[in-house]
Structure formats: C-alpha cells, structure tokens
Amino acid sequence: MMKRVPVLALLLWICLLFYVGIWIFLSGFLLVKVEVNRSSSCKDELFSKHDSSHTEHFCWSEPRFKRAVILVIDALRFDFARFDPEIKDPRPFQNKLGVLSEVVASRPAHARLYPFRADAPTTTMQRIKGFTTGSLPTFVDVCSNFGTNAIQEDNLIHQLGQNGKRVVFMGDDTWENLFPNQFHRSLPFPSFIVKDLHTVDNGILQHLYSTVESSDWDVVIAHFLGVDHCGHRYGPDHQAMADKLTQMDQVIRSVIERLQNDTLLVVLGDHGMTDTGDHGGDSQKETDAALFLYSPSALFTAGQEKALQEVVPQIDLVPTLAQLLGIPIPYSNIGKVMVELFALGSPEDQSAQERRQAEALWINAKQVNRYLDTYSLANKDLSPVILAHLKDTFLLAAAEYKALFGGPLAGGPEHSSRVQALIAIFQQYLNQVRETCQASWARFHPLRMAAGIAVLAAACALCFITSDFADVVSASYRRLLWIPIVCGAVAGGGVALWQFVTRSEVDVLSSLGMAALVSQLSFFWNFCRGKATRVFASEPSDLLNAAADSAQQRPALMSPSVPLVIFFLRCASLFTDSYVVAEGRVATFLLSTLAIYIPVQLNWAGRLLLPFEAQKSTPPCLPPQPSTPAASSSYKKESLTLLGCTGFLVVSLYASHSFHGCRDEQGGCEPSAFLTPLSGLRDIQLRNFRYLLSVSSVIAWVCLVRKWMRHYGNMNSKSPAVLVARFGLPLVAMFVCLYWAMSSAPYEGFGNLQEVVKLALLVFPRAVYVLFGLGVTVVCWDPLTVFLKTRKEPATSLLPPTYRASTGVSLQAELQHLIPHIYQRMRKSLRAGEREGTGREDDGQPTVEAYGLGTVYSAPLLLVLAQLGLVLAMLHPEGLMLSFMLLLLQACAILHMHSAATSLSTPGSRAGCFSVSWSAVLMWGLAATQFFYSTGHLPTFASIQWNSAFVGLSEVHAGHLAPALLVTLNTFSSQILFAVSCPLLLLWPLVCETTKAGKRGRRAGEGEDGEEAVMEMRLRENPDRFSTALLQLGARYLFIHGAQLLASVCAAAILRRHLMVWKIFAPKFIFEASGFAVTSVCVLLGLALVMRVDSAVSDWFKRLIPDHSR
C-alpha cells in the first residue's frame, strides 16, 4: 500500500523548514515600515481648537530665506569635503574641495560644514527619500499605490509646489521618477551608466549658472553624479577622483559668486563610499557624507561659529529647510531642526534668540507627535511602552511651552533657564523618536541573517539526503520524520515557555528557529546512526559521482557531472548583478546546454545511434528489448525522437525571447510588443490579428489536451472528470476569449453599451473562476477517467483481452496500446468469481476491455493543468497566450526527451521507471525560470503586472486578499504550472511505453505471463516503490529551487553593501523566496492529486474484483 501521509508529511516538513529560514532571514535583512499618506498644511493648528488663546500655525509669516540652491554631489564623503593643511602628500580624494574650508574660515557667521550622517540603506533613491521626507525609507515601503516608484509620503518637493515655490531640477533622472510632474522645470539626465563620469555633470553645468542668475525660480536642485560614478569605476584613490572633486570645487565657487542675500546655498552628499567605491551598507565611510550651508547674509549669531560641529542626521535637513523657507514640515518627518540656524538677533537679546529656537522646536515636536499618533494606529511595530514614554515627554514639554509663551512675554534669568530647559526637553524628545524609529526600521540584524542562512542550508542538506536516499528515508519514517518533529516541537515549546516565564511575552520567531534547528539536527543524527550510515558507505550519492565503477553502473543520463556543473553555474550567477539582470537569457543558455548535453552524452556512451544489449541489465520494471528488427526500429525511433525534441526545444527557447520584458539597467532594450494589451494598440487590423492569434492559441491548447486524452482512451467514460474535459474546458476557453474581446477595445468604442461591457468584464472572468473551481473539485472528488466494458468471446479465441485506447482509432493503434498483463489477472479473478457462483454460460469466457487505465494518473493531472493554464493566461496580456502555447510545446518536448533518454540509457541499479534523473529535474526547474521571463516578468517590483489584480474584480472592492492572490498567480504562473506538473516526469516514460511495445503485442502465441507494456499500471504493482519515487521526485525538485533560494539569500547577505543590493539583489531574493513558497505549495498539491488518483484506483479495483478473488 502506498505511504501517502508520510510522504506528504515529510515534504511538508521540509517546506516548513525553508519557510522558517526565509522568515528569520527576512526579519534581519528587510527593513519594513508603513507609509502614512497624509500631508501637512500651513493651516494646521499647533494647539487644540478649543484653546482660543493660541492661534499659531505650522508656517511662519516671514520665512528666513526666499530662495535656495541645493547642490547634491552624489557620494560626497565627509573627508572628501574637509581640508586638512597638515597633510603634506594628499591622496587623490583629499584636500580637493578647498572652497568649503576657505569660506568657513573667512566668513564663519555665513557658512558651516557638518558631517552629514545617512541611515542605511545608503543608496541614492533611498537617501533622496530620506532628505526630502524626513523619514527613514526602507527597502519595502507598504503604501496604497504600490504600482509606481513615485514617493507617496509628504515631502519637501510636494510642499514647495503646494506653497507656490518654483522648483527647477537638473541632473540624476532618479528625481524625475520619484517626483513626477512636480517640478516647475526639469532637466533629467540618465544615471545608470556608471562608466560615464561627465555626461550628467556637464549637462548640469550647461544650465546651472544661467538659471541661478535668472529670476524664474525659487529653489534650484542640481544632482551631480561624477564623484559617485568615479568611485564605482576606479575607487576613491584614483586621479580621476581628484579631477572630479576639483571640478566640483570650481562649481561651488562659481555658484557662491552668483548668490543673492536672500538665498541659501546647501551642498550635500547623499551618502559616502567605501575604499572600493561601493555603498549601500551601514559602515561609517558609507553613512558619513558632507553638508555645507552658506548664505551671503549671516546664518549664525556672533559666538556660535566657535561651537563644536556635531554630526547632523540626514533627516534633520528636512524640518530645517522647511522652516527656513516658510513651508510646512512634511507630515512623516521625524528629523530635528538645527536650532543654531534660528538664533537670530544680537547677542544681547538672548531671550529673543531662545524664544525663536523654542518656537522652531515646538512646531517640529508637534508635527512629530502627530505623525507618531497616526503611525501607531496603522502599524504595531513600535513598542507601546516606548510610545507611552514619548507621549509623556511631549505632553510635559507642551505644557511647559504653553506656560512660558502662552501669555505676556516674560524675562529674567529664571525665565531664560526655563526656556533653555524646555529646548533641551524638545531636543531630547526628538532624539528619542529618531532612535526609536531607527531601531525598528533601518538596521540589519546580522545574527538573524546568519541564523536564517543556517536553517536554509540545513534544509537544503536535508532535502538532498531525502532525495538521494529516498528508499532509506521511506523505510524509516518514524526515526527520520516523527522523532525530529517531536524533538523540534519540544525545543520550540521550551523556548517559548522560558520566554513567557522570564519576560511575559513570546518571540515566535526565536521559538520557530529553535524548533527548526533542533528538528534538523535530530534528523541528521538519526540518519547517521541508523542504516543510512552503511548505505552511505556502500552506495555513493548520485550527485557526487565519486567512483568510476559506480558511474559505469548508472544509466548514462543518471551521471550528474555535467548537470551538477550547470546547476552550480546557475547558483553562482546569482552573485553577479550583470547575470541577474540578464537572467532570462542565462536560463535559456543553461537549459539549451543541458538539453544538448543529453544526446551528446548518450552518443559518447555509444547508446544513441546503435542498439545495445539490453537483456543483460534490464531493470525489473521494464520489458526486455531483444535484438530484432522491430526492436532496432523502436530504438531508432527513440533516438530520432530525442534528437528532434532537442532541436525543437532549443529553437523554441530562443524564440521565447520575443516575449521578454526589459529592465532599467538594460540600455537600448525594447520590451516585447506582446506585453502591450490589445486596448493599447491603435491599429485596428493589428489588434484584430493579435486577437485571432490569441484565440487560435487557446483553441490549440484545448484541442491538444483533448486529443491526447482521446488518444489514450480517457474520453470514453461518463465520469464527472471526463465531463469536465468535454464541456468544462471548452467553456473556460470560451469565457477567456470573450473577456479578451471585451477588454481589447476602449469603453468609448461601445457607445451606449459601456455599462454592459463593464458588467461583462466582471462576469466573464468570474465565470472562469467558478468553472475552474468546479472542475478542480470534480476531478479531486472522482479523478478516474477509465471506462470498463465486459463482453463475451468465443472460448477458442487466441487473442488476449485487449486494452482499447478508443473506439475511434485503427486496429493498429489499438494494438499499440495493449495492456494484457494486468487484465489477464483481472480476467482470472472474474473467472474465479463465476466458478464459485453461477458458472460459465454458453461456453463463453468473460473478457475485459478497459479504456484509459494506462494513463489513469496523468490524465486528471493534465486536465487540471489545462484549466489552470487558461486561468493564468487570462491574468496576462492577451498576446502572451502565444507564450503559454509555447510553454506547452516546450514542456512536451522536455517530457519526450526525458522518456527517450531513459529508454536509451543503460539502466543501473537505481535507474528505471521508478526514478527521475537529476538532468530531467534540473531541466524542469530551469524551464520554470525561463518561462517566468517569457511571460514578460522580471524580478523587479516595477515589472509586476498590477492590472491582473482587477481581473474579475471591481476597482473599488473590500479587502486586499483577492487582488493579492491574483497578482501572485500572475507573477508566478511559470512556477505554478511546472510545480503542479512535476509528477509528469515520473509518469511520462511509462505513458510512452506503448510505442515501444506496440508491434510486439501483435506477435501470435504470446503467453499470458509475457511482459507487455502496462504503462502507468506498473506503478500499482509496486506501491512502496511508487511512494518512494514520488518522495524522491518531490525532494529533488524542492532541492533545486531551495538551493537557488539559498544562493540568492547568500548573495543578498554578502553583497548587502553592494551598489545594486537594493535595486538588484534584494528584489531578486524577494522574488526567489516568494517563488519558492509558491513552488513548494504547488509541488505538494501536484503530488497530492496523484495520490488521490491512486486512492481512487485502489477503491475501483476493490469494487471490480471480489475480496475472495484477490
């Protein structure tokens, strides 16, 4: 009897281990916060409405400055800007920006140079968000409009525009993406070409000076990229860096000469760089940039210029600039104003200076308190205890401010000391808020990252052992499954109990991590100390390819040396940004290489072109192949099938590139025209042609599946599953085509029928969802597509009872699908039943004709896949149905290659019909990756096809579960289809047995005990080996994807300070982790469907054959 529950339980446990590892790593790597999409206004009151004695607002009536020039020098590290005269032999990046120190020394009341500290991640986009919003942007920002790269939080650019300020931008085009249509005038330049040191900077210089000299602006922002690009290309210690810093020195001098008294100059670096020129991490050289402030009018009062220069957090610039320019502080700001810029007046009037500073801090603190109140309602990641403490501090400071400045102005030493104490309280409050948010949002957690990697690595090792020693594991479920689960549960529960007793709260993550590690260690310990130790010593792993004599005993296809190399090349490519960018073509190349390797390897072994003696090493599950003309012909046919499928697969793989999308990093790349929805095409004839292509692909999809089922006799039964194939599948296809027809034209083209069209756009997809749900339910309830017929035959008949594929095929086709072996046994059982009952009548003998039993497992699986593929295609642009059709043909080519290669290779002790080679599993996994790109998807958030979230749903709907599910189905369609269809790798060689046995079935005199092709019924004869084969297949497929996930995780962790970590490696890791989660679930569902069919077959045989005859 098949061990269904233990197999699924073991694979589910392995998947859970991967999930725990992903979760632990995510908690240490991803920096998450929720965006609050509210805006500040000058009309926002500082005091409650019922407090009529106070009328102050968030904006001052007289701003300190009317205009500002902001020069962003990308990657301007603080030591680049500092001038040290004691350095006699400066390095290329030292003492080149002399203008900053000269101005500070000569005009101390007008200029100041600060260390400007950024928060991790130190990447340009995140830093721009930081010093324009005043918040701590992280890699994953959960906001309402998640389909765009634009900043959704309130920010300085938005406030400047809302308050009538004309903002002119020039430089890095990242600003244009973050702030679309928000500039009075914009001159963006491409920023990704790192090797180009001068295009962006020279483009800015062509317009900067003339713009500053004009009057048609209030704020000028110029973002220079030369220093950053020089660091990436050469590093800071290069002459090119000296030249670029010298150029920036001249730029600053020229701008200073052109400033007017009402203008503030801000020169800043968004981040620093390491000694290799990289950035993205949190080292001091990466976080410490420079901030230079200057104005022709005095910025500081006398005596302040000698004060110590403290480090300025980057987000502190936001409230400072907002109040200096007279605009509201952005709503989500948590920065603190630089109070020394607000101490105006003569040194003798200290009370006025203190009042001004206290007022600036009060506005700042009120805004931060309001933000904390709003954020704490939306998200619970900030500690309630700390929030309560911060609230008490703010209320204390607010009460003191009202007491000091709510009535007539007072003076005296006591009043001054109270004001100074109030200023200190405000500063303490704002510092504590920033530290609290930093601790929650903007730090890596190396220990958790390492723990997550350890759990994932152990899960990969456990998965490999399970796949390579499936027979050992399947014989020891108690020792290798249930005991580790119990040990892990006890360890995790013990940690949770200890935490609850000592701290009155439970950290679920640490408990799960401990449970995972203990259960994995228990598995390894039990595996090593049991029979597995002797098996490991006597039988080397298939993947290790350790000994030559063992390799000779394996089938040619089972030797994993080249597949192993290809697989590790695949994993190694995830550590290189250029390969991740070009992963679609890399996957195509690797898959093509592996496909070509299979016939080359067989030919090298002398098994492709010439027949070989199969009698000496035929596995017990396959019939012998005698050296006869018929056998030679069959052998030749297998070889031609392998070569033909290989050629078709390679050609189709490169043809699928016509459906690829383009990343921002791929300059000159044009995305596929098939990614454009039909409604976006203006040419009506082209639109109609594209629609006909899509409809033709849908029809071909349905016809191919139905023809396959009819060919193998699975369409003769009247079972519910067959009704789904006859009527449900065509209905799904029809509604998909109708939906595309309705969505292909704009509403305006339907005139008065717009409301009907809107209704149809909801009804047709929902009909597809309902039909798919009903179809899957029916197939799971009664998955058999077998038609059984009993009739009478003359006793003298010499022909054995035949399995007839279909009544509509020729006699030769019927003879090619003989399964006499199993039905001779059924006939004997029926005979025995009649002898014990009524006996024979009219000297006849009962004969059984069965339709579809040879593909009893694969037919329901294909039926579900056919419906699922149409649903997933509906969620994509219409033109991609051609890509789905190409997927079907490529999958068939891989399956036929696998079947032919299995037949041609010399079987070894572990080969045959109960094992799937690593080559086949790796091809299946690479095909899933390749098709991900062939449907226009990319591992970037900008490439997610968000329109799929509304297929069959109104744009205004309650909840996010349904849209999220639809987007997931759209994004990971490839992983879903290949994971669910994974059992076909085990079933397909058995299905193709009929071709090899067809002519031999016609030989007269074949005895009842002769070995004929029984197709998938061979699995029923060995239920233990069947369950072991399913376990091995599932574990191998999970290992392939788990190892890729582990490589992606390690790449993100090791390269977390790389320039492209948040643009390339982190998104790739997120997509890889999400893809693994989807893949693992679908693999379990596919295997569970096969096991459900096996259970139904067992019940069918019990009903067919009496208990006393079995």
# chains A, B, ... in the order shown; residues from 1 in each chain; ligands from 1
>>> residues_around(residues="stretch 110-120 of chain A", least_positions_apart="6", cutoff="9 Å", atoms="only C-alpha atoms", output="mmCIF file with N, CA, C and O atoms, in the first residue's frame")
data_model
loop_
_atom_site.group_PDB
_atom_site.id
_atom_site.type_symbol
_atom_site.label_atom_id
_atom_site.label_comp_id
_atom_site.auth_asym_id
_atom_site.auth_seq_id
_atom_site.Cartn_x
_atom_site.Cartn_y
_atom_site.Cartn_z
ATOM 1 N N ARG A 77 31.691 61.969 0.379
ATOM 2 C CA ARG A 77 32.073 61.553 1.724
ATOM 3 C C ARG A 77 32.614 62.747 2.491
ATOM 4 O O ARG A 77 33.202 63.668 1.902
ATOM 5 N N PHE A 78 32.467 62.708 3.829
ATOM 6 C CA PHE A 78 32.837 63.887 4.617
ATOM 7 C C PHE A 78 34.320 64.208 4.495
ATOM 8 O O PHE A 78 34.694 65.380 4.396
ATOM 9 N N ASP A 79 35.182 63.209 4.461
ATOM 10 C CA ASP A 79 36.607 63.515 4.359
ATOM 11 C C ASP A 79 36.990 64.004 2.970
ATOM 12 O O ASP A 79 38.069 64.569 2.794
ATOM 13 N N ALA A 81 35.291 66.441 1.636
ATOM 14 C CA ALA A 81 34.990 67.873 1.735
ATOM 15 C C ALA A 81 35.874 68.596 2.741
ATOM 16 O O ALA A 81 36.003 69.826 2.687
ATOM 17 N N ARG A 82 36.493 67.878 3.644
ATOM 18 C CA ARG A 82 37.300 68.522 4.690
ATOM 19 C C ARG A 82 38.707 68.811 4.178
ATOM 20 O O ARG A 82 39.301 67.991 3.477
ATOM 21 N N LEU A 100 35.231 74.968 0.554
ATOM 22 C CA LEU A 100 34.371 74.841 1.729
ATOM 23 C C LEU A 100 35.077 75.327 2.990
ATOM 24 O O LEU A 100 34.534 76.141 3.768
ATOM 25 N N SER A 101 36.295 74.855 3.183
ATOM 26 C CA SER A 101 37.039 75.277 4.366
ATOM 27 C C SER A 101 37.425 76.745 4.273
ATOM 28 O O SER A 101 37.449 77.461 5.290
ATOM 29 N N VAL A 103 35.731 79.244 2.881
ATOM 30 C CA VAL A 103 34.575 80.092 3.194
ATOM 31 C C VAL A 103 34.253 80.015 4.679
ATOM 32 O O VAL A 103 33.939 81.036 5.318
ATOM 33 N N VAL A 104 34.334 78.820 5.260
ATOM 34 C CA VAL A 104 34.045 78.687 6.692
ATOM 35 C C VAL A 104 35.048 79.485 7.514
ATOM 36 O O VAL A 104 34.695 80.151 8.506
ATOM 37 N N GLN A 126 16.969 55.718 -1.888
ATOM 38 C CA GLN A 126 16.510 55.740 -0.502
ATOM 39 C C GLN A 126 16.968 56.997 0.226
ATOM 40 O O GLN A 126 16.262 57.534 1.077
ATOM 41 N N ARG A 127 18.144 57.496 -0.112
ATOM 42 C CA ARG A 127 18.642 58.709 0.549
ATOM 43 C C ARG A 127 17.898 59.943 0.081
ATOM 44 O O ARG A 127 17.675 60.870 0.855
ATOM 45 N N GLY A 130 14.995 60.019 1.989
ATOM 46 C CA GLY A 130 15.284 60.395 3.367
ATOM 47 C C GLY A 130 15.359 61.890 3.566
ATOM 48 O O GLY A 130 14.720 62.450 4.465
ATOM 49 N N PHE A 131 16.141 62.606 2.711
ATOM 50 C CA PHE A 131 16.299 64.040 2.960
ATOM 51 C C PHE A 131 15.252 64.896 2.243
ATOM 52 O O PHE A 131 15.390 66.121 2.195
ATOM 53 N N LEU A 136 12.555 57.577 7.492
ATOM 54 C CA LEU A 136 13.593 56.581 7.276
ATOM 55 C C LEU A 136 13.087 55.589 6.249
ATOM 56 O O LEU A 136 12.527 54.551 6.600
ATOM 57 N N PRO A 137 13.227 55.877 4.961
ATOM 58 C CA PRO A 137 12.731 54.949 3.949
ATOM 59 C C PRO A 137 13.502 53.646 3.989
ATOM 60 O O PRO A 137 14.704 53.630 4.236
ATOM 61 N N THR A 138 12.792 52.564 3.769
ATOM 62 C CA THR A 138 13.408 51.247 3.777
ATOM 63 C C THR A 138 13.173 50.588 2.446
ATOM 64 O O THR A 138 12.566 51.149 1.536
ATOM 65 N N LEU A 268 25.448 69.120 -0.370
ATOM 66 C CA LEU A 268 25.352 67.907 0.442
ATOM 67 C C LEU A 268 25.715 66.683 -0.383
ATOM 68 O O LEU A 268 25.604 66.669 -1.609
ATOM 69 N N GLY A 269 26.133 65.656 0.340
ATOM 70 C CA GLY A 269 26.302 64.321 -0.246
ATOM 71 C C GLY A 269 25.203 63.421 0.267
ATOM 72 O O GLY A 269 24.851 63.478 1.455
ATOM 73 N N ASP A 270 24.640 62.616 -0.613
ATOM 74 C CA ASP A 270 23.546 61.751 -0.176
ATOM 75 C C ASP A 270 24.046 60.552 0.627
ATOM 76 O O ASP A 270 23.310 59.972 1.420
ATOM 77 N N HIS A 271 25.304 60.179 0.424
ATOM 78 C CA HIS A 271 25.921 59.077 1.160
ATOM 79 C C HIS A 271 27.415 59.146 0.917
ATOM 80 O O HIS A 271 27.903 60.006 0.154
ATOM 81 N N GLY A 272 28.173 58.257 1.543
ATOM 82 C CA GLY A 272 29.605 58.198 1.296
ATOM 83 C C GLY A 272 29.942 57.018 0.399
ATOM 84 O O GLY A 272 29.130 56.613 -0.439
ATOM 85 N N GLY A 280 25.876 51.314 0.122
ATOM 86 C CA GLY A 280 24.642 50.569 0.307
ATOM 87 C C GLY A 280 24.513 50.021 1.718
ATOM 88 O O GLY A 280 23.410 49.759 2.176
ATOM 89 N N GLY A 281 25.648 49.871 2.411
ATOM 90 C CA GLY A 281 25.641 49.331 3.771
ATOM 91 C C GLY A 281 25.606 50.418 4.828
ATOM 92 O O GLY A 281 25.210 51.564 4.587
ATOM 93 N N ASP A 282 26.079 50.067 6.012
ATOM 94 C CA ASP A 282 25.980 50.983 7.142
ATOM 95 C C ASP A 282 27.323 51.260 7.805
ATOM 96 O O ASP A 282 27.369 51.667 8.966
ATOM 97 N N SER A 283 28.421 51.065 7.083
ATOM 98 C CA SER A 283 29.714 51.435 7.653
ATOM 99 C C SER A 283 29.849 52.950 7.700
ATOM 100 O O SER A 283 29.147 53.677 6.993
ATOM 101 N N GLN A 284 30.752 53.440 8.543
ATOM 102 C CA GLN A 284 30.869 54.886 8.732
ATOM 103 C C GLN A 284 31.272 55.601 7.442
ATOM 104 O O GLN A 284 30.798 56.698 7.172
ATOM 105 N N GLU A 286 30.398 54.807 4.567
ATOM 106 C CA GLU A 286 29.235 54.838 3.687
ATOM 107 C C GLU A 286 28.166 55.804 4.189
ATOM 108 O O GLU A 286 27.442 56.396 3.382
ATOM 109 N N THR A 287 28.055 55.974 5.478
ATOM 110 C CA THR A 287 26.984 56.806 6.034
ATOM 111 C C THR A 287 27.394 58.259 6.234
ATOM 112 O O THR A 287 26.533 59.138 6.239
ATOM 113 N N ASP A 288 28.687 58.546 6.395
ATOM 114 C CA ASP A 288 29.122 59.918 6.701
ATOM 115 C C ASP A 288 29.391 60.694 5.421
ATOM 116 O O ASP A 288 30.438 60.545 4.782
ATOM 117 N N ALA A 289 28.436 61.533 5.055
ATOM 118 C CA ALA A 289 28.580 62.433 3.922
ATOM 119 C C ALA A 289 28.879 63.833 4.459
ATOM 120 O O ALA A 289 29.148 64.021 5.655
ATOM 121 N N ALA A 290 28.853 64.808 3.567
ATOM 122 C CA ALA A 290 29.158 66.191 3.959
ATOM 123 C C ALA A 290 27.940 67.066 3.742
ATOM 124 O O ALA A 290 27.156 66.849 2.808
ATOM 125 N N LEU A 291 27.772 68.058 4.615
ATOM 126 C CA LEU A 291 26.720 69.074 4.489
ATOM 127 C C LEU A 291 27.348 70.444 4.683
ATOM 128 O O LEU A 291 27.961 70.716 5.720
ATOM 129 N N PHE A 292 27.191 71.305 3.701
ATOM 130 C CA PHE A 292 27.753 72.653 3.735
ATOM 131 C C PHE A 292 26.620 73.655 3.547
ATOM 132 O O PHE A 292 25.857 73.567 2.583
ATOM 133 N N LEU A 293 26.497 74.576 4.485
ATOM 134 C CA LEU A 293 25.482 75.619 4.428
ATOM 135 C C LEU A 293 26.162 76.979 4.297
ATOM 136 O O LEU A 293 27.129 77.261 5.003
ATOM 137 N N TYR A 294 25.591 77.812 3.407
ATOM 138 C CA TYR A 294 26.182 79.141 3.196
ATOM 139 C C TYR A 294 25.093 80.106 2.731
ATOM 140 O O TYR A 294 24.164 79.720 2.004
ATOM 141 N N SER A 295 25.240 81.339 3.161
ATOM 142 C CA SER A 295 24.380 82.408 2.664
ATOM 143 C C SER A 295 25.157 83.716 2.713
ATOM 144 O O SER A 295 25.969 83.935 3.631
ATOM 145 N N PRO A 296 24.966 84.588 1.716
ATOM 146 C CA PRO A 296 25.611 85.908 1.781
ATOM 147 C C PRO A 296 25.204 86.696 3.013
ATOM 148 O O PRO A 296 25.977 87.531 3.504
ATOM 149 N N SER A 297 23.982 86.445 3.533
ATOM 150 C CA SER A 297 23.578 87.052 4.803
ATOM 151 C C SER A 297 23.950 86.111 5.942
ATOM 152 O O SER A 297 24.139 84.912 5.751
ATOM 153 N N ALA A 298 24.040 86.673 7.128
ATOM 154 C CA ALA A 298 24.530 85.889 8.268
ATOM 155 C C ALA A 298 23.584 84.745 8.599
ATOM 156 O O ALA A 298 22.362 84.911 8.658
ATOM 157 N N LEU A 299 24.175 83.582 8.803
ATOM 158 C CA LEU A 299 23.408 82.405 9.201
ATOM 159 C C LEU A 299 23.427 82.202 10.708
ATOM 160 O O LEU A 299 22.475 81.684 11.294
ATOM 161 N N PHE A 300 24.507 82.590 11.341
ATOM 162 C CA PHE A 300 24.700 82.331 12.758
ATOM 163 C C PHE A 300 24.977 83.643 13.473
ATOM 164 O O PHE A 300 25.540 84.586 12.902
ATOM 165 N N GLU A 305 29.825 80.557 15.918
ATOM 166 C CA GLU A 305 30.696 79.946 14.935
ATOM 167 C C GLU A 305 31.821 79.155 15.586
ATOM 168 O O GLU A 305 32.456 78.331 14.930
ATOM 169 N N GLN A 309 31.153 71.361 16.080
ATOM 170 C CA GLN A 309 30.297 70.939 14.983
ATOM 171 C C GLN A 309 29.872 69.492 15.234
ATOM 172 O O GLN A 309 30.669 68.566 15.094
ATOM 173 N N GLU A 310 28.619 69.315 15.606
ATOM 174 C CA GLU A 310 28.115 67.976 15.848
ATOM 175 C C GLU A 310 27.659 67.343 14.543
ATOM 176 O O GLU A 310 27.433 68.019 13.541
ATOM 177 N N VAL A 311 27.548 66.012 14.571
ATOM 178 C CA VAL A 311 27.083 65.284 13.396
ATOM 179 C C VAL A 311 25.598 65.568 13.192
ATOM 180 O O VAL A 311 24.801 65.506 14.130
ATOM 181 N N VAL A 312 25.221 65.875 11.971
ATOM 182 C CA VAL A 312 23.829 66.180 11.633
ATOM 183 C C VAL A 312 23.208 64.955 10.970
ATOM 184 O O VAL A 312 23.660 64.552 9.882
ATOM 185 N N PRO A 313 22.208 64.335 11.571
ATOM 186 C CA PRO A 313 21.498 63.258 10.871
ATOM 187 C C PRO A 313 20.869 63.788 9.593
ATOM 188 O O PRO A 313 20.384 64.916 9.540
ATOM 189 N N GLN A 314 20.861 62.986 8.579
ATOM 190 C CA GLN A 314 20.401 63.448 7.264
ATOM 191 C C GLN A 314 18.962 63.934 7.286
ATOM 192 O O GLN A 314 18.622 64.916 6.621
ATOM 193 N N ILE A 315 18.135 63.275 8.064
ATOM 194 C CA ILE A 315 16.728 63.659 8.077
ATOM 195 C C ILE A 315 16.498 64.996 8.783
ATOM 196 O O ILE A 315 15.436 65.597 8.615
ATOM 197 N N GLN A 438 14.754 54.390 14.253
ATOM 198 C CA GLN A 438 15.939 53.769 13.677
ATOM 199 C C GLN A 438 16.077 52.322 14.123
ATOM 200 O O GLN A 438 16.389 51.431 13.328
ATOM 201 N N ALA A 442 15.623 50.705 10.367
ATOM 202 C CA ALA A 442 16.758 50.936 9.471
ATOM 203 C C ALA A 442 18.055 50.266 9.892
ATOM 204 O O ALA A 442 19.114 50.851 9.761
ATOM 205 N N ARG A 443 17.982 49.028 10.363
ATOM 206 C CA ARG A 443 19.219 48.344 10.723
ATOM 207 C C ARG A 443 19.159 46.888 10.309
ATOM 208 O O ARG A 443 18.135 46.220 10.466
ATOM 209 N N PHE A 444 20.254 46.400 9.804
ATOM 210 C CA PHE A 444 20.384 44.967 9.568
ATOM 211 C C PHE A 444 20.536 44.249 10.903
ATOM 212 O O PHE A 444 20.983 44.834 11.883
#
>>> closest_residue(among="A:Met897, A:Leu156, A:Leu880, A:Met514", to="A:Gly452", atoms="only C-alpha atoms")
A:Met514
>>> closest_residue(among="A:Met923, A:Val916, A:Leu372, A:Ala365", to="A:Leu590", atoms="only C-alpha atoms")
A:Met923
>>> closest_residue(among="A:Ser1048, A:Gln685, A:Leu1038, A:Lys96", to="A:Ser573", atoms="only C-alpha atoms")
A:Ser1048
>>> select_by_dssp(residues="stretch 178-276 of chain A", states="strand (DSSP E or B)", output="list in words")
Arg185, Ser186, Leu187, Pro188, Phe189, Val219, Val220, Ile221, Ala222, His223, Phe224, Thr263, Leu264, Leu265, Val266, Val267 and Leu268 of chain A
